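Asker: Pasting a structure below so you can have a look.
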Amino acid sequence: MTDRLRIALVQISQRVGDIAGNADTMLAWRSKAEGADLVVFPELQLIGYPPEDLILKPALHARAEEHLQRLAEATADGGPAMIVGTVRAEGDRLYNTLNLLDGGRIVGSTRKHELPNYGTFDEKRWFTPGPLPQPIDWRGIRLGLPICEDIWFPPVCAHLKEQGAELLIAPHGSPYEIDKDDLRTGQIAADRVAETSLPLAFLNRVGGQDEIVFDGASFVLNGDGTLAHQLPDWEEVLVMTEWERGPGGWRCAPGEIHALDPHPADTYHAMLVGLRDYVNANRFPGVLLGLSGGIDSALSAAVAVDALGPDRVWCVMLPSRFTSQESLDDAAECARMLGVRLDSVPIEPAVAAFDAMLAPSFAGRPADLTEENIQARARGVTLMALSNKFGHMLLTTGNKSEMSVGYATLYGDMAGGYSVLKDAYKTTVFELCRWRNANRPALGLGGDGPVMPERVIDKPPSAELRADQKDSDSLPPYDVLDPILHGLVEEELSVDAVAARGFDRDTVARIERLLYVAEYKRRQAPPGVKLGKRNFGRDRRYPITNAFRTA
């Protein structure tokens with residue numbers, strides 16, 4: 001029986017479906033864990049998370065099992081044991097498992113009991129729940145291995161305690177959300193520790209996977225609730241934790257406590273990491289975006305530069321007859337401050353051609369929103385042509401406020417491959433721009449100092465699709481609109497409940513109607529970084545054809 005233990009917590013990224021590559025990466029990190037007794041990796045690290053319906057392929061199960069055996073055989077070298085998460089099949093049932101590998105073989109395995117089925121999670125679609133798990137006996141220690149959601153409710157940890165577990169190690173795939181750090185450490189993990197008096201190591205991954213981003217921020221709590229280790233957010237890192245068994249049980253020696261990002265730095269880093277990993281994993285040479293001189297495209301360009309570097313960001317100004325000189329000047333200055341390429345492709349020839357082409361069909365009808373949308377679509381066609389010709393992914397620049405109420409043009413400004421602002425309300429956009437002008441993100445590849453002129457932040461937002469147009473012509477002020485949308489979207493409140501907070505009821509009813517009728521547009525929107533609890537995508541799945549209203 002050992003009374004001392006060195007556990008390496010490996011907070012790393014993944015690549016969904018790259019089973020051989022993920023296995024190689026784990027072995028490479030294990031080789032860095034010199035002197036460790038045990039190396040722990042995040043949930044489902046071998047296959048990647050979330051695997052979505054890729055996990056239904058029997059060929060994936062077979063390949064995962066092959067490489068799990070390869071990892072097990074690697075531990076025959078006398079080095080540290082490993083805890084590896086993967087899918088394992090038993091007949092037609094699939095299980096989310098953790099596997100303890102040591103001495104060249106699999107010496108223990110446990111199955112996830114609590115399967116989340118809300119928000120971004122669909123685990124009941126894929127997996128069968130395991131029974132309440134038993135501790136795994138290893139080198140004279142009884143290890144409790146709850147898997148992610150298993151610690152978010154009391155039963156699993158309570159059962160492991162009753163069955164003699166001496167410490168808890170909980171590998172996670174816990175996506176970033178605003179204010180989630182306090183929920184993980186101060187509530188969920190702290191409650192399980194208080195209930196069991198057992199120390200708990202919470203290990204999370206980092207990196208982007210389509211719409212979701214993992215922020216790391218792993219930690220260790222001792223049985224008395226004190227914080228022994230706090231790993232950084234957003235960074236791949238291996239941390240060696242030192243454990244000793246005393247009269248009161250196992251205790252982790254104090255280690256480094258990293259400060260986590262405050263808000264809004266955390267949100268900015270989420271957008272940066274999500275874009276960086278999406279572009280790089282899908283092997284785009286860089287990104288392309290329309291730079292209008294407005295705040296949304298300025299912030300999107302800034303995030304892109306910080307994620308990829310200025311040499312991989314290509315901005316294009318697409319002026320029309322309604323584009324102001326102020327917008328031209330602001331776009332040029334923004335590009336200069338970011339150090340990016342800026343081209344100008346006037347759309348007036350294309351718009352004139354459409355006008356001439358459609359004149360016979362439109363005869364006798366006044367100009368309206370149709371002509372505004374033709375301009376937006378001419379820009380979309382132009383940007384997609386550049387993307388097709390040169391390979392850069394087109395970055396869309398619409399924010400959540402606009403997407404909520406349909407203030408966006410299908411096949412126009414909605415055209416593209418990814419959106420970093422998709423889950424950022426307009427008021428959040430203002431906040432992030434002011435923050436970025438005063439701060440350089442720790443992971444950023446852009447320069448120090450401001451990244452956009454202050455005028456871009458301060459001037460009234462406008463689509464500039466007609467003379468003297470302002471967003472406020474069509475929408476309530478954003479400091480009114482965004483709280484209404486938060487109530488309707490994030491909180492799923494009725495019109496009356498939102499109006500009771502002091503908003504005009506007719507305005508709230510109008511916004512609810514716009515929110516519902518714009519669902520068909522959002523279904524055709526590109527993916528984008530999830531920031532809050534209810535993003536348009538995996539979190540919120542509404543029918544397009546929908547007659548329900550609460551007004």
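Just remember, in the structure tokens the first chain shown is A, the second B, etc., residues are 1-based per chain, and ligands are 1-based in the order shown.
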So which residues touch Pro483 (chain A) within 10 Å, counting only C-alpha atoms, skipping near sequence neighbours fewer than 2 positions away, as a VMD selection string?

Answerer: chain A and resid 425 427 478 to 481 485 to 490 498 501 503

Asker: Could you take the residues named above and write them with all heavy atoms, as a CSV table (one decimal), in the first residue's frame?

Answerer:
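Final output, saved to result-v9.csv:
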```csv
chain,number,residue,atom,x,y,z
A,425,TYR,N,-24.7,39.4,-27.9
A,425,TYR,CA,-25.6,40.5,-28.1
A,425,TYR,C,-24.9,41.8,-28.4
A,425,TYR,O,-23.7,41.9,-28.2
A,425,TYR,CB,-26.5,40.7,-26.8
A,425,TYR,CG,-27.5,39.6,-26.6
A,425,TYR,CD1,-27.4,38.7,-25.5
A,425,TYR,CD2,-28.6,39.4,-27.5
A,425,TYR,CE1,-28.3,37.7,-25.3
A,425,TYR,CE2,-29.5,38.4,-27.3
A,425,TYR,CZ,-29.4,37.6,-26.2
A,425,TYR,OH,-30.3,36.6,-26.0
A,427,THR,N,-25.0,44.7,-27.1
A,427,THR,CA,-24.4,45.4,-26.0
A,427,THR,C,-23.1,44.7,-25.5
A,427,THR,O,-22.2,45.3,-25.1
A,427,THR,CB,-25.4,45.4,-24.8
A,427,THR,OG1,-26.0,44.1,-24.6
A,427,THR,CG2,-26.5,46.4,-25.0
A,478,TYR,N,-30.5,49.3,-28.5
A,478,TYR,CA,-30.0,48.0,-28.1
A,478,TYR,C,-30.0,47.8,-26.6
A,478,TYR,O,-30.1,46.7,-26.1
A,478,TYR,CB,-28.6,47.8,-28.6
A,478,TYR,CG,-28.6,47.5,-30.1
A,478,TYR,CD1,-28.1,48.4,-31.0
A,478,TYR,CD2,-29.1,46.3,-30.6
A,478,TYR,CE1,-28.1,48.1,-32.4
A,478,TYR,CE2,-29.1,46.0,-32.0
A,478,TYR,CZ,-28.6,46.9,-32.9
A,478,TYR,OH,-28.7,46.7,-34.2
A,479,ASP,N,-29.9,48.9,-25.8
A,479,ASP,CA,-30.0,48.7,-24.3
A,479,ASP,C,-31.4,48.4,-23.9
A,479,ASP,O,-31.6,48.0,-22.7
A,479,ASP,CB,-29.4,50.0,-23.6
A,479,ASP,CG,-30.2,51.2,-24.0
A,479,ASP,OD1,-31.1,51.2,-24.8
A,479,ASP,OD2,-29.8,52.3,-23.4
A,480,VAL,N,-32.4,48.5,-24.8
A,480,VAL,CA,-33.7,48.0,-24.5
A,480,VAL,C,-33.9,46.6,-25.1
A,480,VAL,O,-34.5,45.7,-24.5
A,480,VAL,CB,-34.8,49.0,-25.1
A,480,VAL,CG1,-36.2,48.4,-24.9
A,480,VAL,CG2,-34.7,50.3,-24.3
A,481,LEU,N,-33.5,46.5,-26.4
A,481,LEU,CA,-33.7,45.2,-27.1
A,481,LEU,C,-33.0,44.1,-26.4
A,481,LEU,O,-33.6,43.0,-26.3
A,481,LEU,CB,-33.2,45.4,-28.6
A,481,LEU,CG,-33.2,44.1,-29.4
A,481,LEU,CD1,-34.6,43.7,-29.6
A,481,LEU,CD2,-32.5,44.4,-30.8
A,485,LEU,N,-34.6,40.5,-25.3
A,485,LEU,CA,-34.2,39.2,-25.9
A,485,LEU,C,-33.6,38.2,-24.9
A,485,LEU,O,-33.9,37.0,-24.9
A,485,LEU,CB,-33.1,39.5,-27.0
A,485,LEU,CG,-33.6,40.2,-28.2
A,485,LEU,CD1,-32.4,40.6,-29.1
A,485,LEU,CD2,-34.6,39.2,-29.0
A,486,HIS,N,-32.9,38.7,-23.9
A,486,HIS,CA,-32.3,37.9,-22.8
A,486,HIS,C,-33.5,37.2,-22.1
A,486,HIS,O,-33.4,36.0,-21.8
A,486,HIS,CB,-31.5,38.6,-21.9
A,486,HIS,CG,-30.7,37.8,-21.0
A,486,HIS,ND1,-31.2,37.2,-19.8
A,486,HIS,CD2,-29.4,37.4,-21.0
A,486,HIS,CE1,-30.3,36.4,-19.2
A,486,HIS,NE2,-29.2,36.5,-19.9
A,487,GLY,N,-34.5,37.9,-21.8
A,487,GLY,CA,-35.7,37.3,-21.2
A,487,GLY,C,-36.4,36.3,-22.0
A,487,GLY,O,-36.8,35.2,-21.6
A,488,LEU,N,-36.6,36.6,-23.3
A,488,LEU,CA,-37.3,35.7,-24.2
A,488,LEU,C,-36.5,34.5,-24.6
A,488,LEU,O,-37.0,33.4,-24.8
A,488,LEU,CB,-37.7,36.5,-25.5
A,488,LEU,CG,-38.7,37.6,-25.3
A,488,LEU,CD1,-38.9,38.3,-26.6
A,488,LEU,CD2,-40.0,37.1,-24.8
A,489,VAL,N,-35.1,34.7,-24.8
A,489,VAL,CA,-34.3,33.6,-25.3
A,489,VAL,C,-33.6,32.8,-24.1
A,489,VAL,O,-33.9,31.6,-24.0
A,489,VAL,CB,-33.2,34.1,-26.3
A,489,VAL,CG1,-32.3,33.0,-26.7
A,489,VAL,CG2,-33.9,34.8,-27.4
A,490,GLU,N,-32.8,33.5,-23.4
A,490,GLU,CA,-32.1,32.8,-22.3
A,490,GLU,C,-33.0,32.2,-21.2
A,490,GLU,O,-32.7,31.2,-20.7
A,490,GLU,CB,-31.0,33.7,-21.7
A,490,GLU,CG,-29.6,33.5,-22.3
A,490,GLU,CD,-29.5,34.1,-23.7
A,490,GLU,OE1,-30.4,34.8,-24.1
A,490,GLU,OE2,-28.5,33.8,-24.4
A,498,VAL,N,-41.7,39.4,-19.3
A,498,VAL,CA,-40.7,40.4,-19.7
A,498,VAL,C,-41.2,41.8,-19.5
A,498,VAL,O,-40.5,42.7,-19.0
A,498,VAL,CB,-40.2,40.1,-21.1
A,498,VAL,CG1,-39.2,41.2,-21.6
A,498,VAL,CG2,-39.5,38.7,-21.2
A,501,ARG,N,-41.0,43.6,-16.2
A,501,ARG,CA,-39.7,44.2,-15.8
A,501,ARG,C,-39.5,45.7,-16.2
A,501,ARG,O,-38.5,46.3,-16.0
A,501,ARG,CB,-38.5,43.4,-16.4
A,501,ARG,CG,-38.5,42.0,-15.9
A,501,ARG,CD,-37.4,41.2,-16.6
A,501,ARG,NE,-37.2,39.9,-15.9
A,501,ARG,CZ,-36.3,38.9,-16.3
A,501,ARG,NH1,-35.5,39.1,-17.3
A,501,ARG,NH2,-36.3,37.8,-15.6
A,503,PHE,N,-40.7,47.0,-19.4
A,503,PHE,CA,-40.7,47.2,-20.9
A,503,PHE,C,-42.1,47.4,-21.4
A,503,PHE,O,-43.0,46.8,-20.9
A,503,PHE,CB,-39.9,46.1,-21.6
A,503,PHE,CG,-38.5,45.9,-21.1
A,503,PHE,CD1,-38.2,44.9,-20.2
A,503,PHE,CD2,-37.5,46.8,-21.5
A,503,PHE,CE1,-36.9,44.7,-19.8
A,503,PHE,CE2,-36.2,46.6,-21.1
A,503,PHE,CZ,-35.9,45.6,-20.3
```

Asker: Could you build a table of the residues in region 404-426 of chain A lying no more than 10 Å from region 296-300 of chain A, giving for each the nearest pair of atoms and their separation in Å rounded to one decimal place, using only C-alpha atoms, ordered by chain and ascending residue number, as a tab-separated table?

Answerer:
```
residue	atom	partner	partner_atom	distance
A:Ser419	CA	A:Ser300	CA	8.1
A:Val420	CA	A:Ser300	CA	6.6
A:Leu421	CA	A:Ser300	CA	7.1
A:Lys426	CA	A:Asp296	CA	8.3
```

Asker: Residues within 10 Å of region 84-93 of chain A, please, as a ChimeraX atom specification. Count only C-alpha atoms; anything in the same chain fewer than 5 positions from it doesn't count.

Answerer: /A:19,23,26,39-49,51,55-56,58,60-62,64-65,67-68,71-72,98-101,109-111,126-129,147,171-172

Asker: Keeping only C-alpha atoms, write those residues as a compact mmCIF listing (two decimals), in the first residue's frame.

Answerer:
```txt
# COMPACT_ATOMS: atom_id res chain seq x y z
CA ILE A 19 -8.39 8.37 -32.81
CA ALA A 23 -3.68 8.35 -28.88
CA MET A 26 -1.67 11.19 -25.11
CA VAL A 39 -1.55 10.39 -15.82
CA VAL A 40 -5.16 11.55 -16.27
CA PHE A 41 -6.76 12.81 -19.51
CA PRO A 42 -10.14 14.52 -20.12
CA GLU A 43 -13.43 12.77 -20.83
CA LEU A 44 -13.61 10.77 -24.11
CA GLN A 45 -10.14 12.04 -25.01
CA LEU A 46 -9.44 9.08 -27.29
CA ILE A 47 -12.35 9.75 -29.68
CA GLY A 48 -12.98 13.44 -28.98
CA TYR A 49 -16.03 15.20 -27.55
CA PRO A 51 -18.69 13.01 -31.14
CA ILE A 55 -20.26 7.68 -32.51
CA LEU A 56 -22.97 5.49 -34.03
CA PRO A 58 -19.34 0.49 -35.56
CA LEU A 60 -15.33 3.95 -34.87
CA HIS A 61 -15.94 1.64 -31.90
CA ALA A 62 -13.56 -0.94 -33.35
CA ALA A 64 -11.25 3.13 -30.56
CA GLU A 65 -10.89 -0.31 -28.96
CA HIS A 67 -6.07 2.17 -29.88
CA LEU A 68 -7.21 1.76 -26.28
CA LEU A 71 -2.34 2.70 -25.05
CA ALA A 72 -2.67 -0.07 -22.47
CA LEU A 98 -13.01 5.69 -18.17
CA ASN A 99 -10.31 3.03 -18.31
CA LEU A 100 -7.36 2.58 -15.96
CA LEU A 101 -4.35 1.33 -17.92
CA SER A 109 -13.07 0.37 -16.21
CA THR A 110 -16.08 2.43 -15.20
CA ARG A 111 -19.15 3.72 -17.05
CA TRP A 126 -25.79 7.97 -27.97
CA PHE A 127 -25.02 6.20 -24.71
CA THR A 128 -26.57 3.76 -22.28
CA PRO A 129 -26.19 4.86 -18.66
CA ILE A 147 -17.24 11.10 -15.28
CA PRO A 171 -12.39 13.93 -16.09
CA HIS A 172 -14.64 16.40 -17.89
```

Asker: Skip Asp506 (chain A) itself and residues of its chain fewer than 2 positions away, then list as a tab-separated table (two decimals) with N, CA, C and O atoms, in the first residue's frame all residues within 12 Å of it, counting only C-alpha atoms.

Answerer:
```tsv
chain	number	residue	atom	x	y	z
A	476	PRO	N	-35.74	48.68	-31.48
A	476	PRO	CA	-35.56	49.50	-30.27
A	476	PRO	C	-34.07	49.71	-30.01
A	476	PRO	O	-33.22	48.97	-30.54
A	484	ILE	N	-34.69	42.54	-23.38
A	484	ILE	CA	-35.91	41.85	-23.81
A	484	ILE	C	-35.56	40.49	-24.39
A	484	ILE	O	-36.17	39.47	-24.06
A	495	VAL	N	-44.15	37.08	-22.84
A	495	VAL	CA	-44.20	38.51	-23.08
A	495	VAL	C	-44.59	39.26	-21.81
A	495	VAL	O	-43.98	40.28	-21.46
A	496	ASP	N	-45.60	38.78	-21.11
A	496	ASP	CA	-46.05	39.47	-19.90
A	496	ASP	C	-44.96	39.48	-18.83
A	496	ASP	O	-44.78	40.48	-18.13
A	498	VAL	N	-41.71	39.43	-19.28
A	498	VAL	CA	-40.66	40.38	-19.67
A	498	VAL	C	-41.18	41.81	-19.52
A	498	VAL	O	-40.48	42.70	-19.01
A	499	ALA	N	-42.39	42.05	-19.94
A	499	ALA	CA	-42.97	43.40	-19.82
A	499	ALA	C	-43.05	43.84	-18.37
A	499	ALA	O	-42.91	45.04	-18.07
A	502	GLY	N	-40.59	46.23	-16.77
A	502	GLY	CA	-40.58	47.66	-17.07
A	502	GLY	C	-40.52	47.98	-18.55
A	502	GLY	O	-40.33	49.15	-18.92
A	503	PHE	N	-40.71	46.99	-19.42
A	503	PHE	CA	-40.66	47.22	-20.86
A	503	PHE	C	-42.08	47.38	-21.41
A	503	PHE	O	-43.03	46.78	-20.91
A	504	ASP	N	-42.20	48.16	-22.47
A	504	ASP	CA	-43.47	48.34	-23.14
A	504	ASP	C	-43.95	47.00	-23.70
A	504	ASP	O	-43.24	46.32	-24.44
A	508	VAL	N	-42.38	44.35	-26.55
A	508	VAL	CA	-41.96	42.98	-26.24
A	508	VAL	C	-42.69	41.99	-27.15
A	508	VAL	O	-42.09	41.03	-27.66
A	509	ALA	N	-43.98	42.20	-27.37
A	509	ALA	CA	-44.75	41.30	-28.23
A	509	ALA	C	-44.21	41.33	-29.66
A	509	ALA	O	-44.13	40.30	-30.34
A	510	ARG	N	-43.87	42.52	-30.12
A	510	ARG	CA	-43.30	42.63	-31.47
A	510	ARG	C	-41.97	41.88	-31.56
A	510	ARG	O	-41.72	41.17	-32.56
A	511	ILE	N	-41.14	42.01	-30.54
A	511	ILE	CA	-39.84	41.32	-30.56
A	511	ILE	C	-40.04	39.81	-30.51
A	511	ILE	O	-39.33	39.06	-31.19
A	512	GLU	N	-41.01	39.33	-29.73
A	512	GLU	CA	-41.27	37.89	-29.70
A	512	GLU	C	-41.68	37.40	-31.09
A	512	GLU	O	-41.23	36.33	-31.55
A	513	ARG	N	-42.54	38.17	-31.77
A	513	ARG	CA	-42.96	37.77	-33.12
A	513	ARG	C	-41.78	37.72	-34.07
A	513	ARG	O	-41.61	36.75	-34.82
A	550	THR	N	-46.88	34.07	-26.85
A	550	THR	CA	-47.31	34.29	-25.47
A	550	THR	C	-48.00	35.63	-25.29
A	550	THR	O	-48.53	35.93	-24.22
A	551	ALA	N	-47.99	36.49	-26.33
A	551	ALA	CA	-48.62	37.81	-26.21
A	551	ALA	C	-50.15	37.67	-26.21
A	551	ALA	O	-50.69	36.86	-26.97
```

Asker: If we count only C-alpha atoms, what is near region 436-438 of chain A at a cut-off of 7 Å, once residues fewer than 5 positions away on the same chain are taken out, given as a list in words?

Answerer: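 The neighbour list is Gly449, Pro450, Val451 and Met452 of chain A.
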
Asker: Set the distance at 12 Å and use only C-alpha atoms: which residues neighbour Pro155 (chain A) once local chain neighbours fewer than 2 positions away are removed? I'd like the list as a PyMOL selection string.

Answerer: chain A and resi 113-114+131-133+146+149-153+157-162+191-192+195-196

Asker: Can you write out the residues you just picked, keeping N, CA, C and O atoms, as a CSV table (one decimal), in the first residue's frame?

Answerer:
```csv
chain,number,residue,atom,x,y,z
A,113,HIS,N,-22.7,7.3,-15.4
A,113,HIS,CA,-24.0,7.0,-14.9
A,113,HIS,C,-25.0,8.1,-15.3
A,113,HIS,O,-26.1,7.9,-15.8
A,114,GLU,N,-24.6,9.4,-15.1
A,114,GLU,CA,-25.5,10.5,-15.4
A,114,GLU,C,-25.2,11.0,-16.8
A,114,GLU,O,-24.1,11.5,-17.1
A,131,PRO,N,-24.3,1.6,-14.4
A,131,PRO,CA,-24.9,1.6,-13.1
A,131,PRO,C,-24.1,2.5,-12.2
A,131,PRO,O,-23.1,3.1,-12.6
A,132,LEU,N,-24.6,2.7,-10.9
A,132,LEU,CA,-23.8,3.5,-10.0
A,132,LEU,C,-22.4,2.8,-9.9
A,132,LEU,O,-22.3,1.6,-9.7
A,133,PRO,N,-21.3,3.6,-10.1
A,133,PRO,CA,-20.0,3.0,-10.3
A,133,PRO,C,-19.4,2.5,-9.0
A,133,PRO,O,-19.7,3.1,-7.9
A,146,PRO,N,-15.8,9.4,-11.1
A,146,PRO,CA,-17.0,9.9,-11.7
A,146,PRO,C,-16.6,10.6,-13.0
A,146,PRO,O,-15.6,11.2,-13.1
A,149,GLU,N,-20.7,14.7,-15.8
A,149,GLU,CA,-22.0,14.9,-15.2
A,149,GLU,C,-22.2,14.2,-13.9
A,149,GLU,O,-23.1,14.5,-13.1
A,150,ASP,N,-21.4,13.1,-13.7
A,150,ASP,CA,-21.6,12.3,-12.5
A,150,ASP,C,-21.4,13.1,-11.2
A,150,ASP,O,-21.8,12.7,-10.2
A,151,ILE,N,-20.6,14.2,-11.3
A,151,ILE,CA,-20.4,15.0,-10.1
A,151,ILE,C,-21.4,16.2,-10.0
A,151,ILE,O,-21.4,16.9,-9.0
A,152,TRP,N,-22.2,16.4,-11.1
A,152,TRP,CA,-23.1,17.5,-11.1
A,152,TRP,C,-24.3,17.3,-10.3
A,152,TRP,O,-25.2,18.2,-10.1
A,153,PHE,N,-24.5,16.0,-9.8
A,153,PHE,CA,-25.6,15.6,-8.9
A,153,PHE,C,-25.0,14.7,-7.8
A,153,PHE,O,-24.0,14.1,-8.0
A,157,CYS,N,-21.2,10.4,-6.5
A,157,CYS,CA,-20.1,10.6,-5.5
A,157,CYS,C,-20.5,10.1,-4.1
A,157,CYS,O,-19.6,9.5,-3.4
A,158,ALA,N,-21.7,10.2,-3.7
A,158,ALA,CA,-22.2,9.6,-2.4
A,158,ALA,C,-22.0,8.1,-2.5
A,158,ALA,O,-21.6,7.5,-1.5
A,159,HIS,N,-22.4,7.5,-3.6
A,159,HIS,CA,-22.2,6.0,-3.7
A,159,HIS,C,-20.8,5.6,-3.7
A,159,HIS,O,-20.4,4.6,-3.0
A,160,LEU,N,-19.9,6.3,-4.4
A,160,LEU,CA,-18.5,6.0,-4.4
A,160,LEU,C,-17.9,6.1,-2.9
A,160,LEU,O,-17.1,5.3,-2.5
A,161,LYS,N,-18.3,7.1,-2.2
A,161,LYS,CA,-17.9,7.3,-0.8
A,161,LYS,C,-18.4,6.1,0.0
A,161,LYS,O,-17.6,5.5,0.8
A,162,GLU,N,-19.6,5.7,-0.1
A,162,GLU,CA,-20.2,4.5,0.6
A,162,GLU,C,-19.4,3.3,0.3
A,162,GLU,O,-19.3,2.4,1.2
A,191,ASP,N,-19.8,21.3,-3.4
A,191,ASP,CA,-20.9,20.6,-2.7
A,191,ASP,C,-20.6,19.1,-2.6
A,191,ASP,O,-20.8,18.4,-1.6
A,192,ARG,N,-20.0,18.5,-3.7
A,192,ARG,CA,-19.6,17.1,-3.7
A,192,ARG,C,-18.5,16.8,-2.6
A,192,ARG,O,-18.6,15.8,-1.9
A,195,GLU,N,-20.2,17.0,0.8
A,195,GLU,CA,-21.0,15.9,1.1
A,195,GLU,C,-20.2,14.6,1.4
A,195,GLU,O,-20.6,13.8,2.2
A,196,THR,N,-19.0,14.5,0.8
A,196,THR,CA,-18.3,13.2,0.9
A,196,THR,C,-17.0,13.3,1.8
A,196,THR,O,-16.5,12.3,2.2
```

Asker: Tell me, in Å to one decimal, how far CA of Tyr118 (chain A) is from CA of Arg184 (chain A).

Answerer: 17.0 Å

Asker: Residues near Ala259 (chain A), anyone? I mean within 9 Å using only C-alpha atoms, not counting same-chain ones fewer than 3 positions away, as an MDAnalysis selection string.

Answerer: chainID A and resid 230:233 262

Asker: Restricting the calculation to only C-alpha atoms, which member of A:Ala170, A:Ala228, A:Ile212, A:Val107 is positioned closest to Thr120 (chain A)?

Answerer: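 Distance minimum relative to Thr120 (chain A) lands on A:Ile212.
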
Asker: Can you work out the spacing between CA of Ile374 (chain A) and CA of Ser462 (chain A) in Å, to one decimal?

Answerer: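 The value is 16.6 Å.
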
Asker: Enumerate the residues of region 346-492 of chain A with a DSSP assignment of alpha helix (DSSP H), computed from the backbone, and present them as number ranges by chain.

Answerer: A: 348-362, 369-390, 400-405, 426-438, 454-458, 478-485

Asker: Just the number, please: distance in Å from CA of Phe322 (chain A) to CA of Lys389 (chain A), one decimal.

Answerer: 27.8 Å

Asker: Just asking: which residues within region 102-313 of chain A are strand (DSSP E or B) according to DSSP, as a PyMOL selection string?

Answerer: chain A and resi 102+105-111+136-138+141-144+167-171+175+200-203+206-209+212-216+219-221+227-230+233+237-246+249-252+257+287-290+313

Asker: For Gly207 (chain A), which residue among A:Asp343, A:Asp181, A:Asp266, A:Asp277 is the nearest when counting only C-alpha atoms?

Answerer: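 Counting only C-alpha atoms, the residue closest to Gly207 (chain A) is A:Asp277.
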